[in-house]
>>> print(open('start-v5.cif').read())   # mmCIF, C-alpha atoms
data_structure
#
loop_
_atom_site.label_atom_id
_atom_site.label_comp_id
_atom_site.auth_asym_id
_atom_site.auth_seq_id
_atom_site.Cartn_x
_atom_site.Cartn_y
_atom_site.Cartn_z
CA MET I 13 15.90 80.03 95.50
CA SER I 14 13.69 80.81 92.54
CA GLU I 15 14.39 84.31 91.23
CA LYS I 16 10.71 84.73 90.53
CA ILE I 17 9.72 83.97 94.13
CA ARG I 18 12.43 86.32 95.35
CA GLN I 19 10.96 89.11 93.22
CA GLN I 20 7.42 88.38 94.38
CA ILE I 21 8.42 88.40 98.04
CA GLU I 22 10.23 91.69 97.50
CA PHE I 23 6.88 93.02 96.27
CA VAL I 24 5.12 91.67 99.39
CA ARG I 25 7.70 93.54 101.45
CA GLU I 26 7.35 96.78 99.48
CA ILE I 27 3.57 96.96 99.72
CA ASP I 28 3.73 96.83 103.51
CA LYS I 29 4.14 100.61 103.14
CA LEU I 30 0.44 100.91 102.30
CA LYS I 31 -0.16 100.50 106.05
CA HIS I 32 1.43 103.94 106.51
CA VAL I 33 -0.63 105.83 103.92
CA PHE I 34 -3.39 107.65 105.77
CA ARG I 35 -6.71 108.71 104.33
CA GLN I 36 -9.00 111.57 105.31
CA SER I 37 -11.55 109.10 106.72
CA TYR I 38 -11.54 108.30 110.40
CA LEU I 39 -12.02 104.87 111.92
CA MET I 40 -15.60 104.35 113.10
CA ASN I 41 -14.52 104.95 116.71
CA GLN I 42 -12.98 108.29 115.62
CA GLU I 43 -9.64 107.38 117.23
CA ARG I 44 -7.44 108.07 114.22
CA HIS I 45 -7.39 108.27 110.42
CA GLU I 46 -7.80 105.06 108.48
CA ASN I 47 -4.91 103.77 106.42
CA ASP I 48 -5.07 102.43 102.87
CA ALA I 49 -4.41 98.80 103.77
CA GLU I 50 -7.35 98.80 106.19
CA HIS I 51 -9.54 100.56 103.65
CA SER I 52 -8.61 98.07 100.91
CA TRP I 53 -9.52 95.15 103.19
CA HIS I 54 -12.81 96.76 104.19
CA ILE I 55 -14.01 97.44 100.63
CA ALA I 56 -13.04 93.91 99.56
CA VAL I 57 -15.26 92.47 102.31
CA MET I 58 -18.04 94.89 101.27
CA ALA I 59 -17.76 93.65 97.69
CA LEU I 60 -18.38 90.07 98.84
CA LEU I 61 -21.14 91.15 101.19
CA LEU I 62 -23.15 93.33 98.81
CA LYS I 63 -22.78 91.56 95.47
CA GLU I 64 -26.40 90.38 95.39
CA HIS I 65 -27.41 94.02 94.89
CA SER I 66 -25.69 94.16 91.52
CA ASP I 67 -27.68 92.88 88.55
CA GLU I 68 -24.53 92.00 86.66
CA ASP I 69 -22.84 88.63 86.59
CA LEU I 70 -19.51 89.74 88.05
CA ASP I 71 -16.11 88.06 87.94
CA MET I 72 -15.62 88.39 91.69
CA THR I 73 -11.95 87.38 91.67
CA LYS I 74 -11.32 90.29 89.34
CA VAL I 75 -13.42 92.67 91.49
CA LEU I 76 -11.41 91.67 94.56
CA HIS I 77 -8.11 91.95 92.70
CA LEU I 78 -9.04 95.47 91.55
CA LEU I 79 -10.00 96.52 95.07
CA LEU I 80 -7.01 94.96 96.81
CA ILE I 81 -4.37 96.55 94.60
CA HIS I 82 -5.83 99.80 93.25
CA ASP I 83 -4.49 101.95 96.10
CA LEU I 84 -0.89 100.69 95.94
CA VAL I 85 0.02 103.73 93.82
CA GLU I 86 -0.57 105.85 96.91
CA ILE I 87 2.62 104.44 98.45
CA ASP I 88 4.42 106.93 96.20
CA ALA I 89 1.66 109.34 95.19
CA GLY I 90 0.00 109.76 98.58
CA ASP I 91 -3.73 109.89 99.21
CA THR I 92 -5.56 112.59 97.26
CA PHE I 93 -8.72 113.57 99.13
CA ALA I 94 -11.75 112.96 96.94
CA TYR I 95 -12.86 116.58 97.22
CA ASP I 96 -9.43 118.20 96.79
CA VAL I 97 -9.75 120.00 93.43
CA LYS I 98 -6.13 121.17 93.38
CA GLY I 99 -4.75 117.75 94.33
CA TYR I 100 -6.66 116.21 91.42
CA GLU I 101 -4.85 118.40 88.87
CA ASP I 102 -1.69 116.26 88.79
CA LYS I 103 -3.16 113.12 90.40
CA TRP I 104 -3.01 111.10 87.18
CA ASP I 105 0.67 111.89 86.46
CA ARG I 106 1.72 111.14 90.03
CA GLU I 107 -0.20 107.87 90.15
CA LEU I 108 0.92 106.67 86.74
CA ALA I 109 4.57 107.15 87.71
CA ALA I 110 3.86 105.30 90.98
CA ALA I 111 2.14 102.43 89.17
CA LYS I 112 5.10 102.05 86.82
CA ARG I 113 7.54 101.82 89.71
CA ILE I 114 5.46 99.62 92.03
CA TYR I 115 3.97 97.15 89.53
CA GLY I 116 7.38 97.29 87.85
CA LEU I 117 8.77 95.32 90.79
CA LEU I 118 6.76 92.26 89.69
CA PRO I 119 7.95 89.48 87.38
CA GLU I 120 7.38 90.33 83.70
CA GLU I 121 3.93 88.80 82.97
CA GLN I 122 2.53 89.82 86.33
CA LYS I 123 3.77 93.36 85.87
CA GLU I 124 1.63 93.70 82.74
CA GLU I 125 -1.39 91.92 84.24
CA TRP I 126 -1.46 93.99 87.46
CA MET I 127 -0.75 97.25 85.66
CA ASN I 128 -3.69 96.51 83.36
CA LEU I 129 -5.95 95.75 86.32
CA TRP I 130 -5.01 99.07 87.87
CA LEU I 131 -5.77 100.84 84.56
CA GLU I 132 -9.08 98.98 84.33
CA PHE I 133 -10.05 100.26 87.76
CA GLU I 134 -8.99 103.81 86.89
CA GLU I 135 -10.83 103.83 83.56
CA GLY I 136 -13.93 102.45 85.24
CA LEU I 137 -15.53 101.08 82.08
CA THR I 138 -16.01 97.35 82.79
CA LYS I 139 -18.77 96.03 85.04
CA GLU I 140 -16.18 94.83 87.54
CA ALA I 141 -14.45 98.23 87.63
CA LYS I 142 -17.80 99.96 88.15
CA TYR I 143 -18.83 97.68 90.98
CA ALA I 144 -15.38 98.03 92.58
CA ALA I 145 -15.58 101.84 92.28
CA ALA I 146 -19.01 101.78 93.93
CA MET I 147 -17.57 99.96 96.96
CA ASP I 148 -14.57 102.29 97.09
CA ARG I 149 -16.89 105.31 97.15
CA LEU I 150 -19.59 104.00 99.42
CA GLN I 151 -17.22 103.00 102.23
CA PRO I 152 -15.99 106.52 103.14
CA VAL I 153 -19.62 107.70 103.18
CA LEU I 154 -20.30 105.12 105.90
CA HIS I 155 -17.18 106.14 107.79
CA ASN I 156 -18.21 109.76 107.63
CA PHE I 157 -21.79 109.10 108.61
CA TYR I 158 -20.82 107.01 111.63
CA THR I 159 -18.22 109.55 112.80
CA GLU I 160 -20.75 112.39 112.65
CA GLY I 161 -19.18 113.69 109.42
CA LYS I 162 -15.76 114.14 110.99
CA ALA I 163 -13.76 114.31 107.74
CA TRP I 164 -16.63 115.97 105.83
CA ARG I 165 -16.87 118.76 108.38
CA ALA I 166 -13.10 119.24 108.53
CA ASN I 167 -13.08 119.74 104.76
CA GLN I 168 -16.44 121.53 104.36
CA VAL I 169 -17.79 118.90 102.00
CA SER I 170 -21.31 119.27 100.57
CA ALA I 171 -24.03 116.73 99.77
CA VAL I 172 -23.87 117.90 96.17
CA SER I 173 -20.22 116.77 95.83
CA VAL I 174 -20.84 113.51 97.69
CA ARG I 175 -23.78 112.65 95.39
CA LYS I 176 -21.71 113.49 92.33
CA ARG I 177 -18.91 111.21 93.48
CA LEU I 178 -21.40 108.43 94.21
CA ALA I 179 -22.96 108.59 90.72
CA VAL I 180 -21.54 105.19 89.80
CA LEU I 181 -23.56 103.59 92.61
CA LYS I 182 -26.86 104.22 90.80
CA GLU I 183 -25.50 102.45 87.74
CA VAL I 184 -24.34 99.48 89.83
CA SER I 185 -27.26 99.07 92.20
CA PRO I 186 -30.44 101.16 92.51
CA ALA I 187 -31.08 99.61 95.94
CA LEU I 188 -27.69 100.64 97.32
CA ASP I 189 -28.09 104.04 95.70
CA THR I 190 -31.43 104.56 97.47
CA TYR I 191 -29.82 103.53 100.74
CA ALA I 192 -26.89 105.92 100.26
CA ASN I 193 -29.21 108.80 99.38
CA GLU I 194 -31.20 108.31 102.55
CA LEU I 195 -27.95 108.34 104.50
CA ILE I 196 -26.77 111.53 102.82
CA ASN I 197 -30.10 113.26 103.49
CA GLU I 198 -29.92 112.25 107.14
CA ALA I 199 -26.32 113.49 107.30
CA VAL I 200 -27.40 116.91 106.02
CA GLU I 201 -30.27 117.03 108.54
CA LYS I 202 -27.87 116.21 111.35
CA GLY I 203 -25.34 118.81 110.24
CA TYR I 204 -22.62 116.27 109.32
CA LEU I 205 -22.56 117.53 105.75
CA LEU I 206 -23.27 120.83 103.99
CA PRO I 207 -26.40 120.74 101.75
CA MET O 4 -34.76 101.33 103.22
CA SER O 5 -34.27 97.63 102.61
CA GLU O 6 -33.96 95.78 105.93
CA LYS O 7 -31.41 93.47 104.37
CA ILE O 8 -29.15 96.34 103.32
CA ARG O 9 -29.52 97.88 106.76
CA GLN O 10 -28.32 94.62 108.33
CA GLN O 11 -25.41 94.30 105.92
CA ILE O 12 -24.27 97.87 106.54
CA GLU O 13 -24.46 97.24 110.29
CA PHE O 14 -22.04 94.36 109.66
CA VAL O 15 -19.71 96.67 107.70
CA ARG O 16 -19.76 99.00 110.67
CA GLU O 17 -19.12 96.23 113.21
CA ILE O 18 -16.12 94.76 111.43
CA ASP O 19 -14.34 98.12 111.51
CA LYS O 20 -13.22 96.90 114.95
CA LEU O 21 -10.78 94.50 113.27
CA LYS O 22 -8.58 97.56 112.72
CA HIS O 23 -8.03 97.65 116.49
CA VAL O 24 -7.03 94.02 116.98
CA PHE O 25 -3.26 93.89 117.16
CA ARG O 26 -1.07 90.93 116.31
CA GLN O 27 2.36 89.96 117.62
CA SER O 28 3.92 90.78 114.23
CA TYR O 29 5.47 94.17 113.64
CA LEU O 30 5.13 96.24 110.49
CA MET O 31 8.16 95.86 108.24
CA ASN O 32 9.49 99.24 109.39
CA GLN O 33 9.22 98.02 113.04
CA GLU O 34 7.19 101.09 114.01
CA ARG O 35 4.29 99.25 115.65
CA HIS O 36 2.38 95.98 115.75
CA GLU O 37 0.31 95.05 112.74
CA ASN O 38 -3.46 94.90 113.07
CA ASP O 39 -5.74 92.18 111.76
CA ALA O 40 -7.33 94.27 109.00
CA GLU O 41 -3.90 95.09 107.56
CA HIS O 42 -2.83 91.46 107.87
CA SER O 43 -6.01 90.24 106.14
CA TRP O 44 -5.41 92.63 103.25
CA HIS O 45 -1.77 91.61 102.94
CA ILE O 46 -2.42 87.86 102.81
CA ALA O 47 -5.21 88.36 100.25
CA VAL O 48 -2.76 90.17 97.95
CA MET O 49 -0.20 87.40 98.56
CA ALA O 50 -2.79 84.81 97.54
CA LEU O 51 -3.27 86.56 94.19
CA LEU O 52 0.46 87.07 93.75
CA LEU O 53 1.65 83.55 94.51
CA LYS O 54 -1.11 81.36 93.08
CA GLU O 55 1.03 80.07 90.20
CA HIS O 56 3.09 78.15 92.79
CA SER O 57 0.13 75.98 93.71
CA ASP O 58 -0.48 72.95 91.49
CA GLU O 59 -4.17 72.95 92.32
CA ASP O 60 -6.91 74.58 90.31
CA LEU O 61 -8.15 76.94 93.01
CA ASP O 62 -11.45 78.78 93.32
CA MET O 63 -9.73 82.10 93.95
CA THR O 64 -12.89 83.95 94.98
CA LYS O 65 -13.30 81.39 97.76
CA VAL O 66 -9.62 81.65 98.75
CA LEU O 67 -9.96 85.43 99.03
CA HIS O 68 -13.23 85.18 100.92
CA LEU O 69 -11.63 82.78 103.43
CA LEU O 70 -8.64 85.07 103.92
CA LEU O 71 -10.62 88.30 104.17
CA ILE O 72 -13.04 87.08 106.84
CA HIS O 73 -11.26 84.37 108.84
CA ASP O 74 -9.86 86.77 111.45
CA LEU O 75 -13.16 88.54 112.22
CA VAL O 76 -13.63 86.26 115.23
CA GLU O 77 -10.68 88.04 116.83
CA ILE O 78 -12.87 91.13 117.30
CA ASP O 79 -14.29 89.27 120.30
CA ALA O 80 -11.72 86.54 120.93
CA GLY O 81 -8.56 88.62 120.50
CA ASP O 82 -5.42 87.52 118.70
CA THR O 83 -3.92 84.28 120.02
CA PHE O 84 -0.19 84.23 119.29
CA ALA O 85 0.66 81.24 117.12
CA TYR O 86 3.17 79.95 119.66
CA ASP O 87 1.11 80.61 122.79
CA VAL O 88 0.37 77.10 124.10
CA LYS O 89 -1.81 78.30 126.95
CA GLY O 90 -3.81 80.68 124.75
CA TYR O 91 -4.57 77.79 122.40
CA GLU O 92 -6.28 75.77 125.13
CA ASP O 93 -9.56 77.67 124.93
CA LYS O 94 -9.00 79.30 121.53
CA TRP O 95 -11.64 77.18 119.81
CA ASP O 96 -14.39 77.92 122.36
CA ARG O 97 -13.66 81.65 122.35
CA GLU O 98 -13.57 81.84 118.57
CA LEU O 99 -16.68 79.74 118.03
CA ALA O 100 -18.67 82.02 120.33
CA ALA O 101 -17.27 85.03 118.48
CA ALA O 102 -18.15 83.56 115.09
CA LYS O 103 -21.72 82.94 116.21
CA ARG O 104 -22.13 86.52 117.35
CA ILE O 105 -20.34 88.24 114.47
CA TYR O 106 -21.58 86.17 111.51
CA GLY O 107 -24.91 86.15 113.33
CA LEU O 108 -25.28 89.83 112.44
CA LEU O 109 -25.67 88.89 108.77
CA PRO O 110 -28.95 88.24 106.94
CA GLU O 111 -30.06 84.61 107.26
CA GLU O 112 -28.54 82.93 104.14
CA GLN O 113 -25.33 84.91 104.41
CA LYS O 114 -24.97 84.02 108.06
CA GLU O 115 -24.85 80.34 107.16
CA GLU O 116 -22.60 80.83 104.12
CA TRP O 117 -20.01 82.97 105.94
CA MET O 118 -20.03 80.79 109.06
CA ASN O 119 -19.38 77.77 106.83
CA LEU O 120 -16.50 79.56 105.11
CA TRP O 121 -14.97 80.34 108.48
CA LEU O 122 -15.36 76.68 109.51
CA GLU O 123 -13.83 75.58 106.20
CA PHE O 124 -10.79 77.73 106.90
CA GLU O 125 -10.49 76.43 110.45
CA GLU O 126 -10.85 72.79 109.43
CA GLY O 127 -8.27 73.29 106.69
CA LEU O 128 -9.31 70.30 104.60
CA THR O 129 -10.20 71.75 101.19
CA LYS O 130 -7.55 72.87 98.70
CA GLU O 131 -8.70 76.47 99.08
CA ALA O 132 -8.45 76.33 102.88
CA LYS O 133 -4.96 74.83 102.66
CA TYR O 134 -3.73 77.46 100.24
CA ALA O 135 -5.30 80.21 102.37
CA ALA O 136 -3.67 78.78 105.52
CA ALA O 137 -0.31 78.72 103.75
CA MET O 138 -0.59 82.47 103.02
CA ASP O 139 -1.75 83.19 106.57
CA ARG O 140 1.29 81.39 107.98
CA LEU O 141 3.92 82.54 105.51
CA GLN O 142 3.19 86.25 105.94
CA PRO O 143 4.25 86.56 109.62
CA VAL O 144 7.47 84.68 108.76
CA LEU O 145 8.26 87.45 106.28
CA HIS O 146 7.36 90.12 108.81
CA ASN O 147 9.60 88.51 111.38
CA PHE O 148 12.49 87.99 109.00
CA TYR O 149 12.43 91.59 107.79
CA THR O 150 12.19 92.99 111.32
CA GLU O 151 15.21 90.95 112.46
CA GLY O 152 12.93 88.50 114.28
CA LYS O 153 11.41 91.18 116.48
CA ALA O 154 8.32 89.21 117.54
CA TRP O 155 10.16 85.87 117.44
CA ARG O 156 12.86 87.15 119.78
CA ALA O 157 10.35 88.76 122.16
CA ASN O 158 8.60 85.39 122.47
CA GLN O 159 11.65 83.09 122.25
CA VAL O 160 10.29 81.24 119.25
CA SER O 161 12.32 78.39 117.72
CA ALA O 162 12.83 77.29 114.12
CA VAL O 163 11.35 73.93 115.10
CA SER O 164 7.99 75.54 116.00
CA VAL O 165 8.00 77.80 112.94
CA ARG O 166 8.63 74.82 110.63
CA LYS O 167 5.89 72.85 112.33
CA ARG O 168 3.42 75.69 111.86
CA LEU O 169 4.46 76.04 108.20
CA ALA O 170 3.88 72.34 107.45
CA VAL O 171 0.88 73.13 105.24
CA LEU O 172 3.15 75.12 102.91
CA LYS O 173 4.94 71.98 101.69
CA GLU O 174 1.61 70.45 100.78
CA VAL O 175 0.54 73.59 98.91
CA SER O 176 3.75 74.48 97.11
CA PRO O 177 7.17 72.77 97.28
CA ALA O 178 8.74 75.88 95.71
CA LEU O 179 7.39 78.22 98.39
CA ASP O 180 8.32 75.69 101.05
CA THR O 181 11.93 75.62 99.81
CA TYR O 182 11.99 79.39 99.87
CA ALA O 183 10.59 79.56 103.41
CA ASN O 184 13.08 77.01 104.65
CA GLU O 185 15.98 79.00 103.30
CA LEU O 186 14.60 82.06 105.04
CA ILE O 187 14.22 80.21 108.35
CA ASN O 188 17.78 78.86 108.12
CA GLU O 189 19.10 82.34 107.46
CA ALA O 190 17.04 83.67 110.38
CA VAL O 191 18.64 81.14 112.72
CA GLU O 192 22.13 82.02 111.42
CA LYS O 193 21.44 85.69 112.03
CA GLY O 194 20.10 85.09 115.53
CA TYR O 195 16.53 86.17 114.73
CA LEU O 196 15.17 82.79 115.74
CA LEU O 197 16.20 80.03 118.16
CA PRO O 198 17.32 76.79 116.41
#
>>> encode(input="start-v5.cif", output="structure tokens")
Amino acid sequence: MSEKIRQQIEFVREIDKLKHVFRQSYLMNQERHENDAEHSWHIAVMALLLKEHSDEDLDMTKVLHLLLIHDLVEIDAGDTFAYDVKGYEDKWDRELAAAKRIYGLLPEEQKEEWMNLWLEFEEGLTKEAKYAAAMDRLQPVLHNFYTEGKAWRANQVSAVSVRKRLAVLKEVSPALDTYANELINEAVEKGYLLP
Amino acid sequence: MSEKIRQQIEFVREIDKLKHVFRQSYLMNQERHENDAEHSWHIAVMALLLKEHSDEDLDMTKVLHLLLIHDLVEIDAGDTFAYDVKGYEDKWDRELAAAKRIYGLLPEEQKEEWMNLWLEFEEGLTKEAKYAAAMDRLQPVLHNFYTEGKAWRANQVSAVSVRKRLAVLKEVSPALDTYANELINEAVEKGYLLP
């Protein structure tokens, strides 16, 4: 058996653990928290669905690659809630160590390629990283809105913080940004979200 | 708010249901059955990971699109176990009706595009559809092998049927096919799978 294939399949096996990393967001039916594998799938579909709203000519394979693998670090580092100020203090160190271990399981060239894609997502400077980040940030807003702000209310999140976190959306797509703002305003009116 | 965006977001909300469609496969840690959203994510990552083993020049965005959306029909039609002969009798009718409803939620041009992608996957004739099918069929073999054949044993599946279902893998990648065959042989030796 090819040693390379053996290593790659070991990686496939390892990343199954992402299905056990739970996020603050609830499924739309409010039954339970969403896990990272489900979230990664959902934002990848959103990226395909909403790409016409970006003015940029995007390398969609790269966008999807960024979205599908950027949360793997949470297998070791856990999910840090977007509005957890304390958790963010050592987030980078925890996730960098996780990235080194997890992408380190890959064959040599892939290790470097995937690690760089993860860094590209984290740095958020390229048009693909920005579009990917916009999907990653818009999706939990939808989950919160359609669960009557379940995770927002549990964590006393405010519209000010949500808008701040969604800043990249304006850069990526004014139309989606307008949509998200209307949703946030409605959420405040309905008491799903603090002003 | 743009009517088109409203329709697309309604689609994002609808497909959240894929997270409740359970497959026969178990998670690698055997804790519970895997759901379709997790499976779709996993095979999309596999497609990126293993593409060097295909000799074809693949349109990877299309491959990922096929993999990420092909199971949406199961929101209505449910998961049909790969070795369920009876379930396969009306599988096509159930899934076609589901595809019409679910892709029918999309804005006009997208409805046609996504429906055609689903049909392309189902027909399995293009190089992208074949590669996607190979990922879709290899993944549950890994899940079964690493859970000591948990779903295979529960359903008395034989190596003959697994090999038949994996036939597309040989066409896509002789190296992956060799690997899968070794795994299947080992599974039979270990009693995970009937001969």
>>> residues_around(input="start-v5.cif", residues="range 176-187 of chain I", least_positions_apart="3", cutoff="8 Å", atoms="only C-alpha atoms", output="PDB file with C-alpha atoms, in the coordinates of the input")
ATOM      1  CA  HIS I  65     -27.410  94.020  94.890  1.00  0.00           C
ATOM      2  CA  SER I  66     -25.690  94.160  91.520  1.00  0.00           C
ATOM      3  CA  ASP I  67     -27.680  92.880  88.550  1.00  0.00           C
ATOM      4  CA  LYS I 142     -17.800  99.960  88.150  1.00  0.00           C
ATOM      5  CA  TYR I 143     -18.830  97.680  90.980  1.00  0.00           C
ATOM      6  CA  ALA I 145     -15.580 101.840  92.280  1.00  0.00           C
ATOM      7  CA  ALA I 146     -19.010 101.780  93.930  1.00  0.00           C
ATOM      8  CA  ARG I 149     -16.890 105.310  97.150  1.00  0.00           C
ATOM      9  CA  LEU I 150     -19.590 104.000  99.420  1.00  0.00           C
ATOM     10  CA  VAL I 172     -23.870 117.900  96.170  1.00  0.00           C
ATOM     11  CA  SER I 173     -20.220 116.770  95.830  1.00  0.00           C
ATOM     12  CA  THR I 190     -31.430 104.560  97.470  1.00  0.00           C
ATOM     13  CA  TYR I 191     -29.820 103.530 100.740  1.00  0.00           C
TER      14      TYR I 191
ATOM     15  CA  SER O   5     -34.270  97.630 102.610  1.00  0.00           C
TER      16      SER O   5
END
>>> resolve_selection(input="start-v5.cif", expression="the PyMOL selection byres ((chain O and resi 135) around 8)", output="VMD selection string")
chain O and resid 50 66 to 67 69 to 70 124 131 to 134 136 to 139
>>> interface_residues(input="start-v5.cif", of="chain O", to="chain I", cutoff="7 Å", atoms="all atoms listed in the file", output="PyMOL selection string")
chain O and resi 4+15+19+22+31+40-41+43-44+48-49+63-64+71+182
>>> atom_distance(input="start-v5.cif", atom1="CA of Val76 in chain O", atom2="CA of Glu126 in chain O")
14.9 Å
>>> residues_near_point(input="start-v5.cif", point="(-16.6, 83.0, 110.1)", cutoff="9 Å", atoms="only C-alpha atoms", output="tab-separated table (two decimals) with C-alpha atoms, in the coordinates of the input")
chain	number	residue	atom	x	y	z
O	69	LEU	CA	-11.63	82.78	103.43
O	72	ILE	CA	-13.04	87.08	106.84
O	73	HIS	CA	-11.26	84.37	108.84
O	74	ASP	CA	-9.86	86.77	111.45
O	75	LEU	CA	-13.16	88.54	112.22
O	76	VAL	CA	-13.63	86.26	115.23
O	99	LEU	CA	-16.68	79.74	118.03
O	101	ALA	CA	-17.27	85.03	118.48
O	102	ALA	CA	-18.15	83.56	115.09
O	103	LYS	CA	-21.72	82.94	116.21
O	105	ILE	CA	-20.34	88.24	114.47
O	106	TYR	CA	-21.58	86.17	111.51
O	114	LYS	CA	-24.97	84.02	108.06
O	116	GLU	CA	-22.60	80.83	104.12
O	117	TRP	CA	-20.01	82.97	105.94
O	118	MET	CA	-20.03	80.79	109.06
O	119	ASN	CA	-19.38	77.77	106.83
O	120	LEU	CA	-16.50	79.56	105.11
O	121	TRP	CA	-14.97	80.34	108.48
O	122	LEU	CA	-15.36	76.68	109.51
O	123	GLU	CA	-13.83	75.58	106.20
O	124	PHE	CA	-10.79	77.73	106.90
O	125	GLU	CA	-10.49	76.43	110.45
>>> residues_around(input="start-v5.cif", residues="range 78-83 of chain O", least_positions_apart="4", cutoff="7 Å", atoms="all atoms listed in the file", output="ChimeraX atom specification")
/O:20-21,24-26,87,90-91,97-98,101
>>> closest_residue(input="start-v5.cif", among="O:Glu59, O:Glu111, O:Glu92, O:Glu77", to="Gln10 in chain O", atoms="only C-alpha atoms")
O:Glu111
>>> atom_distance(input="start-v5.cif", atom1="CA of Tyr204 in chain I", atom2="CA of Glu160 in chain I")
5.4 Å
>>> resolve_selection(input="start-v5.cif", expression="the PyMOL selection byres ((chain O and resi 198) around 9)", output="PDB file with C-alpha atoms, in the frame of the given file")
ATOM      1  CA  VAL O 160      10.290  81.240 119.250  1.00  0.00           C
ATOM      2  CA  SER O 161      12.320  78.390 117.720  1.00  0.00           C
ATOM      3  CA  ALA O 162      12.830  77.290 114.120  1.00  0.00           C
ATOM      4  CA  VAL O 163      11.350  73.930 115.100  1.00  0.00           C
ATOM      5  CA  ASN O 188      17.780  78.860 108.120  1.00  0.00           C
ATOM      6  CA  VAL O 191      18.640  81.140 112.720  1.00  0.00           C
ATOM      7  CA  GLU O 192      22.130  82.020 111.420  1.00  0.00           C
ATOM      8  CA  GLY O 194      20.100  85.090 115.530  1.00  0.00           C
ATOM      9  CA  LEU O 196      15.170  82.790 115.740  1.00  0.00           C
ATOM     10  CA  LEU O 197      16.200  80.030 118.160  1.00  0.00           C
TER      11      LEU O 197
END
>>> atom_distance(input="start-v5.cif", atom1="CA of Glu6 in chain O", atom2="CA of Asn193 in chain I")
15.3 Å
